[in-house]
file run.pdb (PDB, C-alpha atoms, pLDDT in the B column)
ATOM      1  CA  MET Z   1     -31.041  14.922 -53.461  1.00 93.00           C
ATOM      2  CA  LEU Z   2     -33.323  17.490 -51.847  1.00 98.00           C
ATOM      3  CA  LYS Z   3     -32.185  21.104 -51.833  1.00 98.00           C
ATOM      4  CA  PHE Z   4     -34.048  23.752 -49.850  1.00 98.00           C
ATOM      5  CA  TYR Z   5     -33.691  27.424 -50.813  1.00 98.00           C
ATOM      6  CA  HIS Z   6     -34.188  29.357 -47.608  1.00 98.00           C
ATOM      7  CA  ALA Z   7     -33.753  32.695 -45.875  1.00 97.00           C
ATOM      8  CA  PRO Z   8     -33.889  32.689 -42.070  1.00 97.00           C
ATOM      9  CA  TRP Z   9     -36.779  34.463 -40.358  1.00 95.00           C
ATOM     10  CA  SER Z  10     -38.796  34.630 -43.534  1.00 95.00           C
ATOM     11  CA  ARG Z  11     -41.848  33.047 -45.136  1.00 94.00           C
ATOM     12  CA  SER Z  12     -39.765  29.962 -45.844  1.00 97.00           C
ATOM     13  CA  SER Z  13     -39.376  29.156 -42.143  1.00 96.00           C
ATOM     14  CA  GLY Z  14     -42.555  27.077 -42.128  1.00 97.00           C
ATOM     15  CA  THR Z  15     -41.087  24.910 -44.889  1.00 98.00           C
ATOM     16  CA  PHE Z  16     -37.947  24.525 -42.773  1.00 98.00           C
ATOM     17  CA  TRP Z  17     -40.117  23.218 -39.926  1.00 98.00           C
ATOM     18  CA  LEU Z  18     -41.894  20.836 -42.307  1.00 98.00           C
ATOM     19  CA  LEU Z  19     -38.579  19.387 -43.478  1.00 98.00           C
ATOM     20  CA  GLU Z  20     -37.574  18.756 -39.880  1.00 98.00           C
ATOM     21  CA  GLU Z  21     -40.894  17.010 -39.218  1.00 98.00           C
ATOM     22  CA  LEU Z  22     -40.454  14.841 -42.322  1.00 98.00           C
ATOM     23  CA  GLY Z  23     -37.127  13.583 -40.986  1.00 97.00           C
ATOM     24  CA  VAL Z  24     -35.488  13.424 -44.423  1.00 97.00           C
ATOM     25  CA  ASP Z  25     -32.014  14.425 -45.547  1.00 97.00           C
ATOM     26  CA  TYR Z  26     -31.856  17.829 -47.213  1.00 98.00           C
ATOM     27  CA  GLU Z  27     -29.350  20.506 -48.080  1.00 98.00           C
ATOM     28  CA  ILE Z  28     -29.953  24.186 -47.364  1.00 98.00           C
ATOM     29  CA  GLU Z  29     -29.058  26.793 -49.951  1.00 97.00           C
ATOM     30  CA  HIS Z  30     -29.038  30.158 -48.171  1.00 97.00           C
ATOM     31  CA  VAL Z  31     -30.717  32.856 -50.257  1.00 98.00           C
ATOM     32  CA  ASP Z  32     -29.825  36.178 -48.631  1.00 96.00           C
ATOM     33  CA  ILE Z  33     -32.978  38.154 -49.385  1.00 96.00           C
ATOM     34  CA  ARG Z  34     -31.712  41.030 -47.229  1.00 95.00           C
ATOM     35  CA  ALA Z  35     -28.294  41.386 -48.858  1.00 93.00           C
ATOM     36  CA  GLU Z  36     -27.206  44.773 -50.130  1.00 91.00           C
ATOM     37  CA  GLY Z  37     -27.930  44.804 -53.833  1.00 91.00           C
ATOM     38  CA  GLY Z  38     -30.625  42.160 -53.442  1.00 93.00           C
ATOM     39  CA  VAL Z  39     -30.767  38.522 -54.409  1.00 97.00           C
ATOM     40  CA  PRO Z  40     -28.489  37.564 -57.332  1.00 95.00           C
ATOM     41  CA  GLU Z  41     -30.217  37.424 -60.716  1.00 96.00           C
ATOM     42  CA  ASP Z  42     -29.213  33.828 -61.329  1.00 97.00           C
ATOM     43  CA  TYR Z  43     -31.635  32.749 -58.589  1.00 98.00           C
ATOM     44  CA  ARG Z  44     -34.482  33.570 -61.012  1.00 97.00           C
ATOM     45  CA  SER Z  45     -33.743  30.263 -62.722  1.00 97.00           C
ATOM     46  CA  ILE Z  46     -35.086  28.643 -59.538  1.00 98.00           C
ATOM     47  CA  GLN Z  47     -37.688  31.176 -58.384  1.00 98.00           C
ATOM     48  CA  PRO Z  48     -38.823  33.731 -60.984  1.00 97.00           C
ATOM     49  CA  ASN Z  49     -39.581  36.435 -58.403  1.00 97.00           C
ATOM     50  CA  LYS Z  50     -36.402  35.721 -56.395  1.00 97.00           C
ATOM     51  CA  LYS Z  51     -38.484  34.729 -53.367  1.00 97.00           C
ATOM     52  CA  VAL Z  52     -38.178  31.921 -50.845  1.00 98.00           C
ATOM     53  CA  PRO Z  53     -38.923  29.123 -50.294  1.00 98.00           C
ATOM     54  CA  ALA Z  54     -38.165  26.863 -53.202  1.00 98.00           C
ATOM     55  CA  ILE Z  55     -37.041  23.274 -53.341  1.00 98.00           C
ATOM     56  CA  GLU Z  56     -35.234  21.125 -55.890  1.00 98.00           C
ATOM     57  CA  HIS Z  57     -35.844  17.407 -55.552  1.00 98.00           C
ATOM     58  CA  ASP Z  58     -34.099  15.007 -57.898  1.00 96.00           C
ATOM     59  CA  GLY Z  59     -33.963  17.718 -60.556  1.00 95.00           C
ATOM     60  CA  ILE Z  60     -37.563  18.883 -60.060  1.00 96.00           C
ATOM     61  CA  VAL Z  61     -37.993  22.501 -58.933  1.00 98.00           C
ATOM     62  CA  VAL Z  62     -41.078  23.368 -56.914  1.00 98.00           C
ATOM     63  CA  THR Z  63     -42.014  26.891 -55.778  1.00 98.00           C
ATOM     64  CA  GLU Z  64     -44.904  28.426 -53.802  1.00 98.00           C
ATOM     65  CA  ARG Z  65     -45.423  27.246 -50.263  1.00 97.00           C
ATOM     66  CA  ALA Z  66     -48.700  25.405 -50.734  1.00 98.00           C
ATOM     67  CA  ALA Z  67     -47.267  23.487 -53.682  1.00 98.00           C
ATOM     68  CA  ILE Z  68     -44.040  22.739 -51.816  1.00 98.00           C
ATOM     69  CA  CYS Z  69     -45.888  21.417 -48.771  1.00 98.00           C
ATOM     70  CA  THR Z  70     -48.208  19.288 -50.869  1.00 98.00           C
ATOM     71  CA  TYR Z  71     -45.281  17.910 -52.856  1.00 98.00           C
ATOM     72  CA  LEU Z  72     -43.071  17.138 -49.856  1.00 98.00           C
ATOM     73  CA  ALA Z  73     -45.733  15.536 -47.679  1.00 98.00           C
ATOM     74  CA  ASP Z  74     -46.800  13.310 -50.590  1.00 98.00           C
ATOM     75  CA  ALA Z  75     -43.216  12.518 -51.612  1.00 98.00           C
ATOM     76  CA  PHE Z  76     -42.399  11.270 -48.099  1.00 98.00           C
ATOM     77  CA  PRO Z  77     -45.613   9.540 -46.953  1.00 97.00           C
ATOM     78  CA  GLN Z  78     -43.809   7.601 -44.230  1.00 97.00           C
ATOM     79  CA  ALA Z  79     -43.954  10.742 -42.067  1.00 98.00           C
ATOM     80  CA  GLY Z  80     -47.765  10.621 -42.108  1.00 98.00           C
ATOM     81  CA  LEU Z  81     -48.192  14.368 -42.569  1.00 98.00           C
ATOM     82  CA  ALA Z  82     -50.721  14.258 -45.425  1.00 98.00           C
ATOM     83  CA  PRO Z  83     -54.053  12.451 -45.769  1.00 98.00           C
ATOM     84  CA  ALA Z  84     -53.915  10.056 -48.697  1.00 96.00           C
ATOM     85  CA  ILE Z  85     -55.929  10.634 -51.853  1.00 95.00           C
ATOM     86  CA  GLY Z  86     -59.362   9.204 -51.120  1.00 96.00           C
ATOM     87  CA  ASP Z  87     -59.187  10.028 -47.413  1.00 97.00           C
ATOM     88  CA  PRO Z  88     -62.157  12.291 -46.487  1.00 97.00           C
ATOM     89  CA  SER Z  89     -59.791  14.724 -44.754  1.00 97.00           C
ATOM     90  CA  ARG Z  90     -57.813  15.260 -47.974  1.00 98.00           C
ATOM     91  CA  GLY Z  91     -60.180  18.037 -49.066  1.00 98.00           C
ATOM     92  CA  PRO Z  92     -59.912  20.103 -45.856  1.00 98.00           C
ATOM     93  CA  TYR Z  93     -56.167  19.464 -45.847  1.00 98.00           C
ATOM     94  CA  LEU Z  94     -55.706  20.927 -49.341  1.00 98.00           C
ATOM     95  CA  THR Z  95     -58.126  23.744 -48.567  1.00 98.00           C
ATOM     96  CA  TRP Z  96     -56.152  24.906 -45.555  1.00 98.00           C
ATOM     97  CA  LEU Z  97     -52.756  24.500 -47.201  1.00 98.00           C
ATOM     98  CA  VAL Z  98     -53.871  26.874 -49.948  1.00 98.00           C
ATOM     99  CA  TYR Z  99     -55.730  29.116 -47.489  1.00 98.00           C
ATOM    100  CA  CYS Z 100     -52.496  29.829 -45.621  1.00 98.00           C
ATOM    101  CA  ASP Z 101     -50.912  31.076 -48.848  1.00 96.00           C
ATOM    102  CA  ALA Z 102     -53.842  32.626 -50.673  1.00 97.00           C
ATOM    103  CA  VAL Z 103     -55.834  34.228 -47.840  1.00 98.00           C
ATOM    104  CA  PHE Z 104     -54.005  34.263 -44.494  1.00 98.00           C
ATOM    105  CA  ASP Z 105     -50.718  35.658 -45.762  1.00 97.00           C
ATOM    106  CA  PRO Z 106     -51.984  38.457 -48.047  1.00 97.00           C
ATOM    107  CA  ALA Z 107     -54.635  39.539 -45.519  1.00 97.00           C
ATOM    108  CA  VAL Z 108     -51.987  39.803 -42.808  1.00 97.00           C
ATOM    109  CA  ALA Z 109     -49.563  41.605 -45.131  1.00 96.00           C
ATOM    110  CA  ALA Z 110     -52.247  44.141 -46.058  1.00 97.00           C
ATOM    111  CA  ARG Z 111     -53.009  44.763 -42.390  1.00 96.00           C
ATOM    112  CA  ALA Z 112     -49.320  45.113 -41.490  1.00 95.00           C
ATOM    113  CA  GLN Z 113     -48.884  47.694 -44.262  1.00 96.00           C
ATOM    114  CA  GLY Z 114     -51.930  49.626 -43.128  1.00 96.00           C
ATOM    115  CA  TRP Z 115     -53.845  49.154 -46.368  1.00 95.00           C
ATOM    116  CA  GLU Z 116     -57.445  50.262 -46.609  1.00 94.00           C
ATOM    117  CA  TYR Z 117     -59.359  48.455 -49.331  1.00 95.00           C
ATOM    118  CA  ARG Z 118     -62.731  47.066 -50.309  1.00 95.00           C
ATOM    119  CA  CYS Z 119     -62.626  43.378 -49.450  1.00 92.00           C
ATOM    120  CA  SER Z 120     -64.680  42.590 -52.554  1.00 95.00           C
ATOM    121  CA  ALA Z 121     -61.902  44.025 -54.704  1.00 95.00           C
ATOM    122  CA  PHE Z 122     -59.318  41.443 -53.631  1.00 95.00           C
ATOM    123  CA  SER Z 123     -59.467  37.664 -53.822  1.00 97.00           C
ATOM    124  CA  PHE Z 124     -58.280  37.221 -50.232  1.00 97.00           C
ATOM    125  CA  GLY Z 125     -61.080  39.311 -48.709  1.00 97.00           C
ATOM    126  CA  SER Z 126     -60.927  41.048 -45.358  1.00 97.00           C
ATOM    127  CA  PHE Z 127     -58.550  40.585 -42.455  1.00 97.00           C
ATOM    128  CA  GLU Z 128     -61.475  40.287 -40.055  1.00 98.00           C
ATOM    129  CA  ASP Z 129     -63.095  37.463 -42.032  1.00 98.00           C
ATOM    130  CA  MET Z 130     -59.791  35.597 -42.178  1.00 98.00           C
ATOM    131  CA  VAL Z 131     -59.247  35.882 -38.416  1.00 98.00           C
ATOM    132  CA  ALA Z 132     -62.811  34.758 -37.703  1.00 98.00           C
ATOM    133  CA  ASN Z 133     -62.372  31.727 -39.955  1.00 98.00           C
ATOM    134  CA  VAL Z 134     -59.086  30.691 -38.344  1.00 98.00           C
ATOM    135  CA  GLU Z 135     -60.546  31.180 -34.872  1.00 98.00           C
ATOM    136  CA  LYS Z 136     -63.586  29.047 -35.715  1.00 98.00           C
ATOM    137  CA  GLN Z 137     -61.384  26.299 -37.132  1.00 98.00           C
ATOM    138  CA  LEU Z 138     -59.026  26.176 -34.157  1.00 98.00           C
ATOM    139  CA  SER Z 139     -61.868  26.427 -31.633  1.00 98.00           C
ATOM    140  CA  ARG Z 140     -63.243  23.098 -32.803  1.00 97.00           C
ATOM    141  CA  ASN Z 141     -59.996  21.284 -33.668  1.00 97.00           C
ATOM    142  CA  GLU Z 142     -56.845  20.492 -31.741  1.00 97.00           C
ATOM    143  CA  TYR Z 143     -54.871  20.812 -34.968  1.00 98.00           C
ATOM    144  CA  ALA Z 144     -55.532  22.740 -38.168  1.00 98.00           C
ATOM    145  CA  ILE Z 145     -57.823  20.154 -39.754  1.00 97.00           C
ATOM    146  CA  GLY Z 146     -58.778  17.865 -36.914  1.00 96.00           C
ATOM    147  CA  ASP Z 147     -57.210  15.672 -34.245  1.00 96.00           C
ATOM    148  CA  ARG Z 148     -53.897  14.958 -36.002  1.00 97.00           C
ATOM    149  CA  PHE Z 149     -50.846  17.025 -36.868  1.00 98.00           C
ATOM    150  CA  THR Z 150     -50.357  17.532 -40.614  1.00 98.00           C
ATOM    151  CA  ALA Z 151     -48.229  19.624 -42.940  1.00 98.00           C
ATOM    152  CA  VAL Z 152     -50.896  22.330 -42.699  1.00 98.00           C
ATOM    153  CA  ASP Z 153     -49.922  22.978 -39.094  1.00 98.00           C
ATOM    154  CA  THR Z 154     -46.361  23.872 -40.060  1.00 98.00           C
ATOM    155  CA  GLN Z 155     -47.751  26.632 -42.252  1.00 98.00           C
ATOM    156  CA  LEU Z 156     -50.616  27.891 -40.109  1.00 98.00           C
ATOM    157  CA  ALA Z 157     -48.750  27.825 -36.802  1.00 98.00           C
ATOM    158  CA  SER Z 158     -45.614  29.445 -38.201  1.00 97.00           C
ATOM    159  CA  GLY Z 159     -47.803  32.166 -39.731  1.00 97.00           C
ATOM    160  CA  ILE Z 160     -49.688  32.817 -36.507  1.00 98.00           C
ATOM    161  CA  HIS Z 161     -46.459  32.770 -34.489  1.00 96.00           C
ATOM    162  CA  TYR Z 162     -44.806  35.386 -36.705  1.00 95.00           C
ATOM    163  CA  THR Z 163     -47.797  37.670 -37.113  1.00 96.00           C
ATOM    164  CA  LEU Z 164     -48.793  37.511 -33.440  1.00 96.00           C
ATOM    165  CA  ASP Z 165     -45.398  37.708 -31.717  1.00 95.00           C
ATOM    166  CA  VAL Z 166     -43.229  39.544 -34.265  1.00 92.00           C
ATOM    167  CA  LEU Z 167     -45.455  41.675 -36.493  1.00 93.00           C
ATOM    168  CA  LYS Z 168     -48.023  41.991 -33.684  1.00 96.00           C
ATOM    169  CA  VAL Z 169     -50.937  42.385 -36.083  1.00 96.00           C
ATOM    170  CA  PHE Z 170     -52.740  39.121 -35.320  1.00 97.00           C
ATOM    171  CA  PRO Z 171     -55.162  39.324 -32.376  1.00 97.00           C
ATOM    172  CA  ASP Z 172     -53.860  37.797 -29.153  1.00 98.00           C
ATOM    173  CA  ARG Z 173     -56.645  35.423 -28.144  1.00 98.00           C
ATOM    174  CA  PRO Z 174     -56.592  32.286 -25.946  1.00 98.00           C
ATOM    175  CA  VAL Z 175     -57.507  29.963 -28.826  1.00 98.00           C
ATOM    176  CA  PHE Z 176     -54.457  31.097 -30.802  1.00 98.00           C
ATOM    177  CA  ARG Z 177     -52.133  30.957 -27.776  1.00 98.00           C
ATOM    178  CA  ASP Z 178     -53.313  27.456 -26.896  1.00 98.00           C
ATOM    179  CA  TYR Z 179     -52.760  26.263 -30.454  1.00 98.00           C
ATOM    180  CA  LEU Z 180     -49.276  27.784 -30.570  1.00 98.00           C
ATOM    181  CA  ALA Z 181     -48.388  26.203 -27.242  1.00 98.00           C
ATOM    182  CA  ARG Z 182     -49.241  22.764 -28.621  1.00 97.00           C
ATOM    183  CA  MET Z 183     -47.163  23.382 -31.733  1.00 97.00           C
ATOM    184  CA  GLN Z 184     -44.195  24.896 -29.911  1.00 96.00           C
ATOM    185  CA  ASP Z 185     -44.047  21.861 -27.629  1.00 97.00           C
ATOM    186  CA  ARG Z 186     -43.110  19.678 -30.597  1.00 98.00           C
ATOM    187  CA  PRO Z 187     -39.399  18.693 -30.612  1.00 98.00           C
ATOM    188  CA  LYS Z 188     -39.101  19.384 -34.341  1.00 98.00           C
ATOM    189  CA  PHE Z 189     -40.485  22.879 -33.881  1.00 97.00           C
ATOM    190  CA  ARG Z 190     -37.784  23.580 -31.324  1.00 96.00           C
ATOM    191  CA  SER Z 191     -35.031  22.091 -33.491  1.00 96.00           C
ATOM    192  CA  PHE Z 192     -36.080  24.116 -36.519  1.00 95.00           C
ATOM    193  CA  MET Z 193     -36.249  27.323 -34.465  1.00 96.00           C
ATOM    194  CA  GLU Z 194     -32.739  26.764 -33.121  1.00 97.00           C
ATOM    195  CA  LYS Z 195     -31.338  26.146 -36.603  1.00 97.00           C
ATOM    196  CA  ASP Z 196     -33.203  29.104 -38.090  1.00 96.00           C
ATOM    197  CA  GLN Z 197     -31.924  31.430 -35.385  1.00 95.00           C
ATOM    198  CA  ALA Z 198     -28.349  30.234 -35.903  1.00 96.00           C
ATOM    199  CA  MET Z 199     -28.672  30.993 -39.624  1.00 96.00           C
ATOM    200  CA  ALA Z 200     -30.115  34.422 -38.871  1.00 94.00           C
ATOM    201  CA  MET Z 201     -27.268  35.281 -36.528  1.00 94.00           C
ATOM    202  CA  ALA Z 202     -24.774  34.381 -39.264  1.00 94.00           C
ATOM    203  CA  THR Z 203     -26.446  36.788 -41.710  1.00 94.00           C
ATOM    204  CA  PRO Z 204     -24.839  40.247 -42.110  1.00 92.00           C
ATOM    205  CA  PHE Z 205     -28.207  42.037 -41.993  1.00 91.00           C
ATOM    206  CA  PHE Z 206     -29.124  40.636 -38.597  1.00 91.00           C
ATOM    207  CA  GLN Z 207     -25.585  40.913 -37.259  1.00 90.00           C
ATOM    208  CA  LYS Z 208     -25.700  44.655 -37.976  1.00 85.00           C
ATOM    209  CA  GLN Z 209     -29.230  45.022 -36.667  1.00 83.00           C
ATOM    210  CA  PHE Z 210     -28.453  43.424 -33.338  1.00 80.00           C
ATOM    211  CA  ALA Z 211     -25.146  45.286 -33.043  1.00 80.00           C
ATOM    212  CA  ASP Z 212     -26.992  48.573 -33.575  1.00 81.00           C
ATOM    213  CA  ASP Z 213     -29.554  47.606 -30.936  1.00 76.00           C
ATOM    214  CA  ALA Z 214     -26.884  46.675 -28.386  1.00 63.00           C
TER     215      ALA Z 214
END

call {"tool": "encode", "arguments": {"input": "run.pdb", "output": "structure tokens"}}
result
Amino acid sequence: MLKFYHAPWSRSSGTFWLLEELGVDYEIEHVDIRAEGGVPEDYRSIQPNKKVPAIEHDGIVVTERAAICTYLADAFPQAGLAPAIGDPSRGPYLTWLVYCDAVFDPAVAARAQGWEYRCSAFSFGSFEDMVANVEKQLSRNEYAIGDRFTAVDTQLASGIHYTLDVLKVFPDRPVFRDYLARMQDRPKFRSFMEKDQAMAMATPFFQKQFADDA
């Protein structure tokens, strides 16, 4: 049994896409992170900070996106989304999985919040250095770590998509648009987006938001 703790239109959406790409059976547990009064306290037994995503697989709980992606892609190798241990691309693969969590996400969040800080004071460094690194990587590779789609792409592309088209803090450059176009052309990307939107539209927060905007 594989249970996926998810909130639509959140940081767990990339994990949702990964699960679709893996082609495995899973059950979604909706964690309403936008509910009045917040997430119920009993969810801390799964995720100590009451965040999403989290998974529970055969009684094993895994949290943190990089760990979840590593775990899932290795647990279901038939999907071919992770280089095997010993493969030379395993190092870059792990590097970029963690980079999405440890550098990309906090640098984007700091920029979206308008923070001013000394890059040497924070482990994730500057927003500009992060963007330059991602641009260099995608300028020389069709996918995040080379010429094949991996679990990293579900995290990097979903992050770029959200921060470019929703938050509008990521720079709109041809290399990023071309990469997103390749990712968005994948059938599993489209299926995950449709399911995620349906979940969002069934959530009271978004129902009210869109009613107010009407």

call {"tool": "resolve_selection", "arguments": {"input": "run.pdb", "expression": "the PyMOL selection byres ((chain Z and resi 3) around 7)", "output": "list in words"}}
result
Met1, Leu2, Phe4, Tyr5, Tyr26, Glu27, Ile28, Glu29, Ile55, Glu56 and His57 of chain Z

call {"tool": "write_last_selection", "arguments": {"input": "run.pdb", "atoms": "C-alpha atoms", "output": "PDB file, in the coordinates of the input"}}
result
ATOM      1  CA  MET Z   1     -31.041  14.922 -53.461  1.00 93.00           C
ATOM      2  CA  LEU Z   2     -33.323  17.490 -51.847  1.00 98.00           C
ATOM      3  CA  PHE Z   4     -34.048  23.752 -49.850  1.00 98.00           C
ATOM      4  CA  TYR Z   5     -33.691  27.424 -50.813  1.00 98.00           C
ATOM      5  CA  TYR Z  26     -31.856  17.829 -47.213  1.00 98.00           C
ATOM      6  CA  GLU Z  27     -29.350  20.506 -48.080  1.00 98.00           C
ATOM      7  CA  ILE Z  28     -29.953  24.186 -47.364  1.00 98.00           C
ATOM      8  CA  GLU Z  29     -29.058  26.793 -49.951  1.00 97.00           C
ATOM      9  CA  ILE Z  55     -37.041  23.274 -53.341  1.00 98.00           C
ATOM     10  CA  GLU Z  56     -35.234  21.125 -55.890  1.00 98.00           C
ATOM     11  CA  HIS Z  57     -35.844  17.407 -55.552  1.00 98.00           C
TER      12      HIS Z  57
END

call {"tool": "axis_aligned_box", "arguments": {"input": "run.pdb", "around": "region 201-214 of chain Z", "padding_each_side": "8 Å", "output": "AutoDock Vina command-line options"}}
result
--center_x -27.2 --center_y 41.5 --center_z -35.2 --size_x 20.8 --size_y 30.2 --size_z 29.7

call {"tool": "atom_distance", "arguments": {"input": "run.pdb", "atom1": "CA of Phe122 (chain Z)", "atom2": "CA of Asp153 (chain Z)"}}
result
25.3 Å

call {"tool": "closest_residue", "arguments": {"input": "run.pdb", "among": "Z:Ala7, Z:Thr95, Z:Ala35, Z:Arg90", "to": "Ala54 (chain Z)", "atoms": "all atoms listed in the file"}}
result
Z:Ala7

call {"tool": "closest_residue", "arguments": {"input": "run.pdb", "among": "Z:Val103, Z:Leu138, Z:Val131, Z:Ala67", "to": "Pro171 (chain Z)", "atoms": "only C-alpha atoms"}}
result
Z:Val131

call {"tool": "resolve_selection", "arguments": {"input": "run.pdb", "expression": "the PyMOL selection byres ((chain Z and resi 20) around 8)", "output": "ChimeraX atom specification"}}
result
/Z:16-19,21-24,188-189,191-192

call {"tool": "write_last_selection", "arguments": {"input": "run.pdb", "atoms": "C-alpha atoms", "output": "PDB file, in the coordinates of the input"}}
result
ATOM      1  CA  PHE Z  16     -37.947  24.525 -42.773  1.00 98.00           C
ATOM      2  CA  TRP Z  17     -40.117  23.218 -39.926  1.00 98.00           C
ATOM      3  CA  LEU Z  18     -41.894  20.836 -42.307  1.00 98.00           C
ATOM      4  CA  LEU Z  19     -38.579  19.387 -43.478  1.00 98.00           C
ATOM      5  CA  GLU Z  21     -40.894  17.010 -39.218  1.00 98.00           C
ATOM      6  CA  LEU Z  22     -40.454  14.841 -42.322  1.00 98.00           C
ATOM      7  CA  GLY Z  23     -37.127  13.583 -40.986  1.00 97.00           C
ATOM      8  CA  VAL Z  24     -35.488  13.424 -44.423  1.00 97.00           C
ATOM      9  CA  LYS Z 188     -39.101  19.384 -34.341  1.00 98.00           C
ATOM     10  CA  PHE Z 189     -40.485  22.879 -33.881  1.00 97.00           C
ATOM     11  CA  SER Z 191     -35.031  22.091 -33.491  1.00 96.00           C
ATOM     12  CA  PHE Z 192     -36.080  24.116 -36.519  1.00 95.00           C
TER      13      PHE Z 192
END

call {"tool": "residues_around", "arguments": {"input": "run.pdb", "residues": "region 106-119 of chain Z", "least_positions_apart": "2", "cutoff": "10 Å", "atoms": "only C-alpha atoms", "output": "number ranges by chain"}}
result
Z: 100-104, 121-131, 159-160, 163, 167-170

call {"tool": "atom_distance", "arguments": {"input": "run.pdb", "atom1": "CA of Val62 (chain Z)", "atom2": "CA of Met199 (chain Z)"}}
result
22.6 Å

call {"tool": "atom_distance", "arguments": {"input": "run.pdb", "atom1": "CA of Arg173 (chain Z)", "atom2": "CA of Ala82 (chain Z)"}}
result
28.0 Å

call {"tool": "resolve_selection", "arguments": {"input": "run.pdb", "expression": "the PyMOL selection byres ((chain Z and resi 193) around 12)", "output": "PyMOL selection string"}}
result
chain Z and resi 8-10+13-18+20+158+161-162+183-192+194-200

call {"tool": "closest_residue", "arguments": {"input": "run.pdb", "among": "Z:Tyr179, Z:Val98, Z:Ser89, Z:Val31", "to": "Arg140 (chain Z)", "atoms": "only C-alpha atoms"}}
result
Z:Tyr179

call {"tool": "closest_residue", "arguments": {"input": "run.pdb", "among": "Z:Lys51, Z:Asp87, Z:Ala211, Z:Ala66", "to": "Gly38 (chain Z)", "atoms": "all atoms listed in the file"}}
result
Z:Lys51

call {"tool": "closest_residue", "arguments": {"input": "run.pdb", "among": "Z:Val61, Z:Tyr99, Z:Asn133, Z:Asn141", "to": "Arg44 (chain Z)", "atoms": "all atoms listed in the file"}}
result
Z:Val61

call {"tool": "closest_residue", "arguments": {"input": "run.pdb", "among": "Z:Thr63, Z:Pro174, Z:His30, Z:Ala151", "to": "Ala79 (chain Z)", "atoms": "only C-alpha atoms"}}
result
Z:Ala151
